[in-house]
Amino acid sequence: MSTVHHGAMFDTDELVINMGPQHPSTHGVLRVVLRLDGEKVVDVDVIIGYLHRGIEKLSENRNWTQIILLTDRMDYVAAATNNVGYCETVEKMLQLEVPRRARYVRTILCELQRIASHCLWIGTHAMDIGAMTVFLYAFRERELILDLFEEFCGARLTYNSMRIGGLPLDIPPGWDKKVLEFCNIMDGKLDEYEGLLTHNRIWLERTKGIGVLTAAEAVDLGLSGPPLRGSGVPRDIRKDEPYAAYDEMEFDVPLGTVGDTYDRYLVRLEEFRQSLRIIRQATQGIPEGPIVGKVPRLIKPLAGETYHAIESPKGELGYFIVSDGKSTNPYRFRVRPPSFCNLQALRRMVKGHLVADVVALIGSLDVVLGEVDR
Amino acid sequence: MIDSFVIPLLKVVIVLNATLVGVTYMVLLERKVIAWAQSRLGPMRVGPYGVLQPIADAVKLMLKEDITPTRADKWVFTAAPIISMVPALIVYAVIPFGDKVHLFGRDISLYITDINVGLLYIVSVASVGVYGIILAGYSSNSKFPLLASLRASAQLISYEVAVTLTLVSVIMMAGTLSMVGIVRAQEAGHVWFGFLQPFAFAIFFIGGLAETNRAPFDLPEAEQELTGGFHTEYSGMRFALFFLAEYANMIVVSSVATTLFLGGWLAPFSHWLPFLNIVPGWIWFLIKSFVFLYIFIWVRATLPRYRYDQLMNIGWKVLIPLAIINLVVTGIIKVLLH
């Protein structure tokens, strides 16, 4: 413990506090070592690795289809998005044409997953700041999405919901109507969350001006997703490098202005609405046709490397895969997880703020430790 | 002998037991109300609609292992929960639950005692409770509780000032410090002090939230930041004492607010609506206190939590100046009216 000199008569000691890996607000097993001067955070050390399961290495010993199941376990609150990202990367390697119907369903699933993930974010973020009712409201709506997923693929958390070249199953009859019904319910519920938070004085005081990141800083730190857009950088892979059926969808990319916690909150809230807009368009326009493309019996991409990224709820989720062209498993499998890169910003954001802001900022970055450690 | 000894003793026993039962059921009420606010059911398993939940909780807490951390200061660690619980209970001595009733051929007053410095007694005894929290955090010899107890001491002392200043303006209105006297003054004036002193009422309520460590001022036990706050290291019955003390304090604040600002046991607008006097005074008192307790819970279900520096800002820069202005204005009006 070092001594800080403030030029005053008394020397004060820094207090080192260990937050996590078992702590209610570190969203899993994140460990944060805080150095405090009173309540003020002088420095913070972010320690990760408590949820490492070696997914990347495991993938090198599984065949191409088996890996889909492993990708579920990375960002486990948005498993379908992970599946889509991986399958599209392999499809890119195989130069496979995916039928339009499958691309539409993928879009719907990705956006439903974004809403589910954001529900979890708004709930836990508000809970960290002390508003506990929002948490239960958001989980109530997340439950509806899980029901939709259950009907589609039978699972509620780790879906394994994609296949290389398309979908494992066609959508069940009447499912699209239920999705539209959910959109109508969700519209009203969003106003409910907003009523509790957006103009709440305490919420404003707790989030405005906290953890400000300028656009340049956000780019330097390699952020992506809502934290980047909250700082006002117009970067959304769905728009810039469209995948699935996003090129046929109409939607806006919400941007923040200041780059504080409140802006990131507003960006994600608007993303809820844009996701609903996409889901409505996609559901009403699902074309008829096959659900799987012409996939070879034995998947064996040509030797070479491929990088493909999609916009997961947390940001840019990229897969870098090397194939040696001989074996039925990848030679090298590497994931660029958005949470891992976004977590870098925590140290920059926390400095000079108070202990209570640390949990607000972790919530504002919306990290999932399964994805950080893999 | 009976009047001077047996009856007061009986009253003490009844009030003490009623309070403790009330406190345990307060926990159930809170869980139920918050559950309804959050569209769920709350406790449902123990007894019909979970009505026996407090008993199950009490049994569980008593059977739990009572752990004292090795590095804790053992005597202080044991004393802290007691120091925080006892003041919360003895405050009830001066709270008037109702007027005199005629029972078994005797006139029995529905308060344990009416001392002429009742309000001063409440303020001074209630502030002793702070020591419990400070000592708990200090004696645990652990970092999170220490931070929490520092927060608690700063918070409680700041808000104590604002609350006490509002009490002074009530004393000026009533001209007495006796709790019964204050209710009598409202009876004589046909108007509750809550209507005459809306600012004092509001400040008292906000300060009351802060003094009982309730949301949005529940920083000393902010679970998300400090993993439980000052009682992190406590378990079993000693933890239960802190828990009970918090709820007992909520009931104290509600009862004091009822007495000072909502006319205590008086029926509402009894001057104009005399038929309301049929309902006994102590029922009115309970109803009014219940309304306060409900608002306490409601606030907790709705609002996020303030940050430490914001909390201090509100206390020192908003509430205390407002309370002082209110006090001065009250004085000026009082002088002008006479």
# chains A, B, ... in the order shown; residues from 1 in each chain; ligands from 1

call {"tool": "select_by_dssp", "arguments": {"residues": "stretch 58-124 of chain A", "states": "alpha helix (DSSP H)", "output": "JSON, numbers by chain"}}
result
{"A": [58, 59, 66, 67, 68, 69, 70, 71, 72, 79, 80, 81, 82, 83, 84, 85, 86, 87, 88, 89, 90, 91, 92, 93, 94, 100, 101, 102, 103, 104, 105, 106, 107, 108, 109, 110, 111, 112, 113, 114, 115, 116, 117, 118, 119, 120, 121, 122, 123, 124]}

call {"tool": "write_last_selection", "arguments": {"atoms": "C-alpha atoms", "output": "compact mmCIF listing (two decimals), in the first residue's frame"}}
result
# COMPACT_ATOMS: atom_id res chain seq x y z
CA LEU A 58 -11.22 -27.03 -28.70
CA SER A 59 -12.55 -25.88 -32.06
CA GLN A 66 -19.55 -29.48 -34.20
CA ILE A 67 -18.07 -26.03 -33.68
CA ILE A 68 -21.51 -24.37 -33.99
CA LEU A 69 -22.34 -25.86 -30.63
CA LEU A 70 -19.20 -24.44 -29.05
CA THR A 71 -19.94 -20.92 -30.30
CA ASP A 72 -23.15 -21.01 -28.24
CA ALA A 79 -26.11 -17.55 -28.66
CA ALA A 80 -27.97 -17.32 -31.94
CA THR A 81 -25.88 -14.35 -33.06
CA ASN A 82 -22.72 -16.35 -32.41
CA ASN A 83 -24.08 -19.22 -34.49
CA VAL A 84 -24.91 -16.92 -37.38
CA GLY A 85 -21.47 -15.33 -37.30
CA TYR A 86 -19.69 -18.66 -37.38
CA CYS A 87 -21.88 -20.23 -40.05
CA GLU A 88 -21.52 -17.21 -42.32
CA THR A 89 -17.75 -17.34 -41.97
CA VAL A 90 -17.66 -20.98 -43.06
CA GLU A 91 -20.12 -20.23 -45.86
CA LYS A 92 -17.79 -17.48 -47.01
CA MET A 93 -14.91 -19.97 -47.05
CA LEU A 94 -16.98 -22.49 -49.01
CA ARG A 100 -33.11 -16.06 -49.17
CA ARG A 101 -35.61 -17.63 -46.78
CA ALA A 102 -32.83 -18.77 -44.48
CA ARG A 103 -31.22 -15.33 -44.56
CA TYR A 104 -34.50 -13.72 -43.57
CA VAL A 105 -35.02 -16.10 -40.65
CA ARG A 106 -31.43 -15.48 -39.56
CA THR A 107 -32.12 -11.77 -39.52
CA ILE A 108 -35.19 -12.25 -37.38
CA LEU A 109 -33.34 -14.49 -34.96
CA CYS A 110 -30.38 -12.09 -34.73
CA GLU A 111 -32.64 -9.17 -33.96
CA LEU A 112 -34.73 -11.12 -31.44
CA GLN A 113 -31.46 -12.06 -29.84
CA ARG A 114 -30.37 -8.44 -29.78
CA ILE A 115 -33.55 -7.51 -27.94
CA ALA A 116 -33.07 -10.38 -25.49
CA SER A 117 -29.48 -9.36 -24.87
CA HIS A 118 -30.40 -5.70 -24.44
CA CYS A 119 -33.20 -6.72 -22.03
CA LEU A 120 -30.60 -8.42 -19.90
CA TRP A 121 -28.38 -5.37 -20.18
CA ILE A 122 -31.03 -2.82 -19.21
CA GLY A 123 -32.12 -5.00 -16.30
CA THR A 124 -28.69 -5.53 -14.82

call {"tool": "residues_around", "arguments": {"residues": "stretch 113-125 of chain B", "least_positions_apart": "5", "cutoff": "8 Å", "atoms": "only C-alpha atoms", "output": "list in words"}}
result
Pro87, Ile90, Val91, Ala93, Val94, Pro96, Thr164, Thr176, Leu177, Ser178, Met179 and Val180 of chain B

call {"tool": "select_by_dssp", "arguments": {"residues": "stretch 24-185 of chain A", "states": "strand (DSSP E)", "output": "PyMOL selection string"}}
result
chain A and resi 31-37+40-47

call {"tool": "residues_around", "arguments": {"residues": "stretch 16-32 of chain A", "least_positions_apart": "3", "cutoff": "7 Å", "atoms": "only C-alpha atoms", "output": "MDAnalysis selection string"}}
result
(chainID A and resid 35:36 44:48 50:51 128 359 362 368:369) or (chainID B and resid 143 224 227)

call {"tool": "closest_atom_pairs", "arguments": {"of": "chain B", "to": "chain A", "cutoff": "10 Å", "atoms": "only C-alpha atoms", "output": "JSON lines"}}
result
{"residue": "B:Ile34", "atom": "CA", "partner": "A:Thr133", "partner_atom": "CA", "distance": 8.2}
{"residue": "B:Ala35", "atom": "CA", "partner": "A:Thr133", "partner_atom": "CA", "distance": 9.0}
{"residue": "B:Ala37", "atom": "CA", "partner": "A:Thr133", "partner_atom": "CA", "distance": 7.4}
{"residue": "B:Gln38", "atom": "CA", "partner": "A:Thr133", "partner_atom": "CA", "distance": 5.6}
{"residue": "B:Ser39", "atom": "CA", "partner": "A:Tyr137", "partner_atom": "CA", "distance": 7.7}
{"residue": "B:Arg40", "atom": "CA", "partner": "A:Leu136", "partner_atom": "CA", "distance": 8.6}
{"residue": "B:Ser142", "atom": "CA", "partner": "A:Ile17", "partner_atom": "CA", "distance": 9.9}
{"residue": "B:Lys143", "atom": "CA", "partner": "A:Ile17", "partner_atom": "CA", "distance": 6.9}
{"residue": "B:Phe144", "atom": "CA", "partner": "A:Ile17", "partner_atom": "CA", "distance": 7.9}
{"residue": "B:Leu147", "atom": "CA", "partner": "A:Glu39", "partner_atom": "CA", "distance": 7.9}
{"residue": "B:Leu150", "atom": "CA", "partner": "A:Gly38", "partner_atom": "CA", "distance": 9.4}
{"residue": "B:Arg151", "atom": "CA", "partner": "A:Glu39", "partner_atom": "CA", "distance": 9.1}
{"residue": "B:Ala215", "atom": "CA", "partner": "A:Gly130", "partner_atom": "CA", "distance": 8.1}
{"residue": "B:Pro216", "atom": "CA", "partner": "A:Gly130", "partner_atom": "CA", "distance": 7.7}
{"residue": "B:Phe217", "atom": "CA", "partner": "A:Gly130", "partner_atom": "CA", "distance": 9.8}
{"residue": "B:Asp218", "atom": "CA", "partner": "A:Gly130", "partner_atom": "CA", "distance": 9.0}
{"residue": "B:Leu219", "atom": "CA", "partner": "A:Ala356", "partner_atom": "CA", "distance": 9.1}
{"residue": "B:Ala222", "atom": "CA", "partner": "A:Gly130", "partner_atom": "CA", "distance": 7.9}
{"residue": "B:Glu223", "atom": "CA", "partner": "A:Pro24", "partner_atom": "CA", "distance": 7.3}
{"residue": "B:Gln224", "atom": "CA", "partner": "A:Ser25", "partner_atom": "CA", "distance": 5.3}
{"residue": "B:Glu225", "atom": "CA", "partner": "A:Ala356", "partner_atom": "CA", "distance": 5.9}
{"residue": "B:Leu226", "atom": "CA", "partner": "A:Ala356", "partner_atom": "CA", "distance": 8.7}
{"residue": "B:Thr227", "atom": "CA", "partner": "A:Pro24", "partner_atom": "CA", "distance": 6.7}
{"residue": "B:Gly228", "atom": "CA", "partner": "A:Pro24", "partner_atom": "CA", "distance": 9.6}
{"residue": "B:Arg300", "atom": "CA", "partner": "A:Ala131", "partner_atom": "CA", "distance": 8.0}
{"residue": "B:Ala301", "atom": "CA", "partner": "A:Thr133", "partner_atom": "CA", "distance": 5.8}
{"residue": "B:Thr302", "atom": "CA", "partner": "A:Ala131", "partner_atom": "CA", "distance": 6.4}
{"residue": "B:Leu303", "atom": "CA", "partner": "A:Ala131", "partner_atom": "CA", "distance": 5.4}
{"residue": "B:Pro304", "atom": "CA", "partner": "A:Ala131", "partner_atom": "CA", "distance": 4.0}
{"residue": "B:Arg305", "atom": "CA", "partner": "A:Gly130", "partner_atom": "CA", "distance": 4.7}
{"residue": "B:Tyr306", "atom": "CA", "partner": "A:Ile202", "partner_atom": "CA", "distance": 6.2}
{"residue": "B:Arg307", "atom": "CA", "partner": "A:Ala356", "partner_atom": "CA", "distance": 6.4}
{"residue": "B:Tyr308", "atom": "CA", "partner": "A:Ala356", "partner_atom": "CA", "distance": 7.8}
{"residue": "B:Asp309", "atom": "CA", "partner": "A:Leu354", "partner_atom": "CA", "distance": 8.6}
{"residue": "B:Gln310", "atom": "CA", "partner": "A:Glu205", "partner_atom": "CA", "distance": 8.1}

call {"tool": "residues_around", "arguments": {"residues": "stretch 182-189 of chain B", "least_positions_apart": "4", "cutoff": "9 Å", "atoms": "only C-alpha atoms", "output": "number ranges by chain"}}
result
B: 96, 170-171, 173-178, 193, 259-266, 270-271

call {"tool": "residues_around", "arguments": {"residues": "B:Leu28", "least_positions_apart": "6", "cutoff": "8 Å", "atoms": "only C-alpha atoms", "output": "PyMOL selection string"}}
result
chain B and resi 43+51+53-54

call {"tool": "closest_residue", "arguments": {"among": "B:Ser289, B:Thr70, B:Gln155, B:Thr24", "to": "B:Trp316", "atoms": "only C-alpha atoms"}}
result
B:Gln155

call {"tool": "closest_residue", "arguments": {"among": "B:Leu293, B:Leu273, B:Ile251, B:Ala210", "to": "B:Leu319", "atoms": "only C-alpha atoms"}}
result
B:Ala210
